[in-house]
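Only one structure is covered here, and it is reproduced in the block below.
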Amino acid sequence: MGRIDLVAIVVSALLLGYIIESVRRRRLREEYSILWLATAAVLLLLSLVRPALSILASALGILTPVNALFVIGFAFMTIILLHFSMVISRLSRENRELAQRYALLVYRLQEERALREPGEPDDAVTVVARQAITGHIEGGV
Amino acid sequence: MQRQRIVAIVPAYNEAASLPHVVRDLRSSPLGLDIVVVDDGSKDETSVIARQLGVAVVTLPFNLGIGGAHQTGFQYAVEWGYDIAVQFDGDGQHLAREIPLLLGPIENGGADVVVGSRFAIKGHGYRGAPARRAGGVMLSVLVRLLSGHVYTDVTSGFRALNARALHIAAVDYPQDFPEPESLLTFRRYNLRVSEVHTAMQGRVGGISSINLWRAAYYMIKVTLALCIERLRAPLRGV
């Protein structure tokens, strides 16, 4: 077993451990951890089981087995990045829809408030609406 | 026939300076338009000024870009029961006295969407910088190839939509640079789009030809969006 094999084992084991720990601490949602876990697990498995890596390498026509690890890792990264781009696209769409819905609701609130008697105390919703109108959003993004 | 309720949708991003002029122009129209300003997350006093002018103001919490702002206006028009909406830019490049030209084809039932074109009559109207003009021609050709229909001014944001078109655009409308792409979106729902000649002011709004990178990005983004838009099917249930 060469030094590179040891490095591969250690690195993929650390990656796997870090991902599991992040999910445990709720810093990474299960939903988004699946692809990462699969990547780390496959890399670890292939680094541990030399024959499996060799078979895979020859099947792919790769002369140095350890290069197969890079190929597999790269393939997983591509899938993960594409997946994240899709998630971001969905989030930005949902974000836009929320902003639109919110702006129209604030307008409706204002209209209804304008119909009420002057001097009537503001309810909580109106306070929030006023903050929104003055362009002041607590907490930031 | 019952009187049509018409709203002018004025998307405004940092337009506090030109907004009073735009609102005054719209109010001079004998059509009795309602006006809604969609403040697209402006950094200046756009919302405050608009409210002082006494028009309806819908304030987006952050900048969505022109497509998102237009769409918010369409949603407003649907929610408050308007029959027709007119897209009217907040920078003063459109003329209120030309709105009746847009309404004609809708009111006689000939179109669902009417676009005010600066180039509908050859040799007339506004001419922008050559590069800008060339970009417009390229997009026109592309839209013609993809839709099979001739539009002389695909980047015009001076438009009128009837209730049917509004219901669709409220839920399915392109973002970022929506004008050329939305022509294909409308066709996807079999909406009838027609053009009328309008003069408009000469002001160069939107994409400045000064910034080459932005212009290049605009062309690439819109070209890609147009090609992909052609591959889409209508949303279910719209």
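All residue names refer to the structure tokens as shown: chains lettered A, B, ... in order, residues numbered from 1 in each chain, ligands numbered from 1 in order.
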ask   = Given a cut-off of 6 Å, which residues of chain A touch chain B, counting only C-alpha atoms, written out as number ranges by chain?
value = A: 100, 103, 107
Contact residues around Leu191 of chain B with only C-alpha atoms at 12 Å, ignoring same-chain residues under 6 positions, as JSON, numbers by chain = {"B": [106, 109, 110, 111, 112, 113, 114, 161, 162, 163, 164, 165, 166, 167, 168, 169, 182, 183, 184, 185, 234]}
inquiry  = List the spatial neighbours of segment 42-46 of chain A as a ChimeraX atom specification - criterion: any atom at most 8 Å away, only C-alpha atoms, same-chain residues fewer than 4 positions off excluded.
reply    = /A:8-9,12-13,38,50,52-53,69,72-73
Since we have the selection now, will you write its residues out, keeping C-alpha atoms, as a PDB file, in the first residue's frame?
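Result went into part-v1.pdb, see below:
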ATOM      1  CA  ALA A   8      -6.986   8.749   0.155  1.00  0.00           C
ATOM      2  CA  ILE A   9      -8.293   6.676   3.065  1.00  0.00           C
ATOM      3  CA  SER A  12     -12.274  10.351   2.586  1.00  0.00           C
ATOM      4  CA  ALA A  13     -12.756   9.122   6.169  1.00  0.00           C
ATOM      5  CA  ALA A  38     -22.551   9.046  -1.238  1.00  0.00           C
ATOM      6  CA  ARG A  50      -7.771  -1.975  -3.639  1.00  0.00           C
ATOM      7  CA  ALA A  52     -12.340  -2.909  -6.468  1.00  0.00           C
ATOM      8  CA  LEU A  53     -10.456   0.242  -7.473  1.00  0.00           C
ATOM      9  CA  LEU A  69     -10.486   8.012  -7.516  1.00  0.00           C
ATOM     10  CA  ILE A  72     -15.081   9.289  -9.532  1.00  0.00           C
ATOM     11  CA  GLY A  73     -14.655  12.300  -7.240  1.00  0.00           C
TER      12      GLY A  73
END
request  = Compare B:Ala170, B:Leu146, B:Val7, B:Ala215 by their minimum atom-to-atom distance to Leu26 of chain B, counting only C-alpha atoms, and give me the closest one.
outcome  = B:Val7
Run DSSP on the backbone and grab whatever in segment 18-107 of chain B lands in strand (DSSP E or B); send it over as a PDB file with N, CA and C atoms, in the first residue's frame.
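The resulting part25.pdb:
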ATOM      1  N   ASP B  34     -56.296  54.369 -13.572  1.00  0.00           N
ATOM      2  CA  ASP B  34     -55.704  54.239 -12.248  1.00  0.00           C
ATOM      3  C   ASP B  34     -54.203  54.035 -12.463  1.00  0.00           C
ATOM      4  N   ILE B  35     -53.437  54.367 -11.450  1.00  0.00           N
ATOM      5  CA  ILE B  35     -51.987  54.258 -11.578  1.00  0.00           C
ATOM      6  C   ILE B  35     -51.437  53.442 -10.418  1.00  0.00           C
ATOM      7  N   VAL B  36     -50.595  52.448 -10.719  1.00  0.00           N
ATOM      8  CA  VAL B  36     -49.886  51.761  -9.653  1.00  0.00           C
ATOM      9  C   VAL B  36     -48.392  51.823  -9.941  1.00  0.00           C
ATOM     10  N   VAL B  37     -47.662  52.333  -8.961  1.00  0.00           N
ATOM     11  CA  VAL B  37     -46.207  52.355  -9.072  1.00  0.00           C
ATOM     12  C   VAL B  37     -45.666  51.111  -8.367  1.00  0.00           C
ATOM     13  N   VAL B  38     -44.869  50.314  -9.074  1.00  0.00           N
ATOM     14  CA  VAL B  38     -44.212  49.179  -8.437  1.00  0.00           C
ATOM     15  C   VAL B  38     -42.774  49.598  -8.147  1.00  0.00           C
ATOM     16  N   ASP B  39     -42.512  49.872  -6.869  1.00  0.00           N
ATOM     17  CA  ASP B  39     -41.164  50.278  -6.472  1.00  0.00           C
ATOM     18  C   ASP B  39     -40.319  49.015  -6.319  1.00  0.00           C
ATOM     19  N   ALA B  56     -51.367  54.532  -6.145  1.00  0.00           N
ATOM     20  CA  ALA B  56     -51.148  53.267  -5.438  1.00  0.00           C
ATOM     21  C   ALA B  56     -49.677  52.894  -5.561  1.00  0.00           C
ATOM     22  N   VAL B  57     -49.100  52.448  -4.458  1.00  0.00           N
ATOM     23  CA  VAL B  57     -47.683  52.074  -4.482  1.00  0.00           C
ATOM     24  C   VAL B  57     -47.520  50.669  -3.919  1.00  0.00           C
ATOM     25  N   VAL B  58     -46.910  49.794  -4.696  1.00  0.00           N
ATOM     26  CA  VAL B  58     -46.564  48.459  -4.214  1.00  0.00           C
ATOM     27  C   VAL B  58     -45.045  48.421  -4.089  1.00  0.00           C
ATOM     28  N   THR B  59     -44.576  48.237  -2.863  1.00  0.00           N
ATOM     29  CA  THR B  59     -43.141  48.337  -2.611  1.00  0.00           C
ATOM     30  C   THR B  59     -42.538  46.955  -2.427  1.00  0.00           C
ATOM     31  N   ILE B  84     -57.880  45.870 -18.093  1.00  0.00           N
ATOM     32  CA  ILE B  84     -56.736  46.124 -18.968  1.00  0.00           C
ATOM     33  C   ILE B  84     -55.616  46.758 -18.140  1.00  0.00           C
ATOM     34  N   ALA B  85     -54.383  46.366 -18.429  1.00  0.00           N
ATOM     35  CA  ALA B  85     -53.239  47.037 -17.812  1.00  0.00           C
ATOM     36  C   ALA B  85     -52.315  47.552 -18.895  1.00  0.00           C
ATOM     37  N   VAL B  86     -51.752  48.722 -18.651  1.00  0.00           N
ATOM     38  CA  VAL B  86     -50.780  49.310 -19.576  1.00  0.00           C
ATOM     39  C   VAL B  86     -49.441  49.369 -18.863  1.00  0.00           C
ATOM     40  N   GLN B  87     -48.417  48.780 -19.489  1.00  0.00           N
ATOM     41  CA  GLN B  87     -47.055  48.905 -18.965  1.00  0.00           C
ATOM     42  C   GLN B  87     -46.526  50.271 -19.368  1.00  0.00           C
TER      43      GLN B  87
END
inquiry  = At a cut-off of 12 Å, using only C-alpha atoms, what residues contact Val137 of chain B? Leave out same-chain residues fewer than 3 positions from it and give the result as a VMD selection string.
reply    = chain B and resid 119 127 to 128 130 to 134 140 to 144 150 to 155 180 219
Deliver the residues from the most recent selection as a file, using N, CA, C and O atoms, as an mmCIF file, in the first residue's frame.
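Done, and the output landed in out01.cif:
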data_model
loop_
_atom_site.group_PDB
_atom_site.id
_atom_site.type_symbol
_atom_site.label_atom_id
_atom_site.label_comp_id
_atom_site.auth_asym_id
_atom_site.auth_seq_id
_atom_site.Cartn_x
_atom_site.Cartn_y
_atom_site.Cartn_z
ATOM 1 N N PHE B 119 -40.749 51.216 -34.493
ATOM 2 C CA PHE B 119 -40.272 50.984 -35.865
ATOM 3 C C PHE B 119 -41.348 50.379 -36.770
ATOM 4 O O PHE B 119 -41.039 49.826 -37.816
ATOM 5 N N ARG B 127 -34.471 56.457 -33.258
ATOM 6 C CA ARG B 127 -33.323 55.616 -33.611
ATOM 7 C C ARG B 127 -32.308 55.717 -32.489
ATOM 8 O O ARG B 127 -31.880 56.796 -32.136
ATOM 9 N N GLY B 128 -31.902 54.582 -31.967
ATOM 10 C CA GLY B 128 -30.918 54.591 -30.897
ATOM 11 C C GLY B 128 -29.511 54.547 -31.456
ATOM 12 O O GLY B 128 -29.294 54.694 -32.658
ATOM 13 N N PRO B 130 -26.173 53.006 -32.906
ATOM 14 C CA PRO B 130 -26.099 51.926 -33.906
ATOM 15 C C PRO B 130 -25.983 50.537 -33.294
ATOM 16 O O PRO B 130 -26.659 49.609 -33.742
ATOM 17 N N ALA B 131 -25.148 50.408 -32.252
ATOM 18 C CA ALA B 131 -24.942 49.087 -31.646
ATOM 19 C C ALA B 131 -26.243 48.576 -31.038
ATOM 20 O O ALA B 131 -26.614 47.408 -31.175
ATOM 21 N N ARG B 132 -26.947 49.489 -30.385
ATOM 22 C CA ARG B 132 -28.204 49.147 -29.758
ATOM 23 C C ARG B 132 -29.235 48.729 -30.803
ATOM 24 O O ARG B 132 -29.964 47.757 -30.642
ATOM 25 N N ARG B 133 -29.219 49.486 -31.881
ATOM 26 C CA ARG B 133 -30.127 49.226 -32.995
ATOM 27 C C ARG B 133 -29.845 47.827 -33.574
ATOM 28 O O ARG B 133 -30.752 47.053 -33.844
ATOM 29 N N ALA B 134 -28.537 47.532 -33.743
ATOM 30 C CA ALA B 134 -28.139 46.235 -34.299
ATOM 31 C C ALA B 134 -28.596 45.098 -33.388
ATOM 32 O O ALA B 134 -29.105 44.079 -33.860
ATOM 33 N N SER B 140 -34.977 40.794 -33.070
ATOM 34 C CA SER B 140 -36.192 40.723 -33.893
ATOM 35 C C SER B 140 -36.137 39.522 -34.825
ATOM 36 O O SER B 140 -37.111 38.788 -34.975
ATOM 37 N N VAL B 141 -34.979 39.332 -35.447
ATOM 38 C CA VAL B 141 -34.805 38.214 -36.376
ATOM 39 C C VAL B 141 -34.969 36.891 -35.624
ATOM 40 O O VAL B 141 -35.655 35.976 -36.087
ATOM 41 N N LEU B 142 -34.357 36.833 -34.451
ATOM 42 C CA LEU B 142 -34.437 35.608 -33.660
ATOM 43 C C LEU B 142 -35.886 35.295 -33.263
ATOM 44 O O LEU B 142 -36.353 34.159 -33.389
ATOM 45 N N VAL B 143 -36.587 36.326 -32.796
ATOM 46 C CA VAL B 143 -37.989 36.128 -32.405
ATOM 47 C C VAL B 143 -38.813 35.703 -33.616
ATOM 48 O O VAL B 143 -39.674 34.826 -33.526
ATOM 49 N N ARG B 144 -38.484 36.288 -34.787
ATOM 50 C CA ARG B 144 -39.213 35.921 -35.996
ATOM 51 C C ARG B 144 -38.972 34.447 -36.350
ATOM 52 O O ARG B 144 -39.896 33.710 -36.674
ATOM 53 N N VAL B 150 -43.718 38.342 -37.279
ATOM 54 C CA VAL B 150 -42.865 39.515 -37.411
ATOM 55 C C VAL B 150 -43.226 40.553 -36.352
ATOM 56 O O VAL B 150 -44.372 40.998 -36.271
ATOM 57 N N TYR B 151 -42.254 40.864 -35.530
ATOM 58 C CA TYR B 151 -42.409 41.983 -34.591
ATOM 59 C C TYR B 151 -41.299 42.973 -34.893
ATOM 60 O O TYR B 151 -40.137 42.598 -34.974
ATOM 61 N N THR B 152 -41.672 44.242 -35.035
ATOM 62 C CA THR B 152 -40.652 45.218 -35.436
ATOM 63 C C THR B 152 -39.898 45.786 -34.231
ATOM 64 O O THR B 152 -38.826 46.337 -34.383
ATOM 65 N N ASP B 153 -40.463 45.657 -33.042
ATOM 66 C CA ASP B 153 -39.804 46.255 -31.872
ATOM 67 C C ASP B 153 -39.938 45.321 -30.665
ATOM 68 O O ASP B 153 -40.783 45.513 -29.797
ATOM 69 N N VAL B 154 -39.072 44.307 -30.626
ATOM 70 C CA VAL B 154 -39.235 43.271 -29.596
ATOM 71 C C VAL B 154 -38.793 43.737 -28.210
ATOM 72 O O VAL B 154 -39.106 43.102 -27.214
ATOM 73 N N THR B 155 -38.061 44.866 -28.135
ATOM 74 C CA THR B 155 -37.603 45.320 -26.826
ATOM 75 C C THR B 155 -38.504 46.407 -26.228
ATOM 76 O O THR B 155 -38.233 46.916 -25.148
ATOM 77 N N PRO B 180 -38.365 40.717 -25.070
ATOM 78 C CA PRO B 180 -38.401 39.808 -26.232
ATOM 79 C C PRO B 180 -38.984 38.437 -25.867
ATOM 80 O O PRO B 180 -39.820 37.887 -26.586
ATOM 81 N N MET B 219 -27.373 40.272 -24.519
ATOM 82 C CA MET B 219 -27.630 39.542 -25.765
ATOM 83 C C MET B 219 -27.555 38.025 -25.554
ATOM 84 O O MET B 219 -28.392 37.278 -26.057
#
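Every protein or nucleic acid residue with an atom no more than 10 Å from His21 of chain B, counting only C-alpha atoms and leaving out same-chain residues fewer than 4 positions away, appears here: B:Ala16, B:Ala17, B:Asp25, B:Leu26, B:Arg27, B:Gly90, B:Asp91, B:Gly92.
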key: Shortest interatomic distance to Pro105 of chain B - which of B:Val196, B:Val22, B:Gly237, B:Gly54, counting only C-alpha atoms   =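 Ranked by minimum distance to Pro105 of chain B, first place goes to B:Val196.
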message = One number please: atom CA of His70 of chain B to atom CA of Val193 of chain B, in Å, one decimal.
response = 17.4 Å
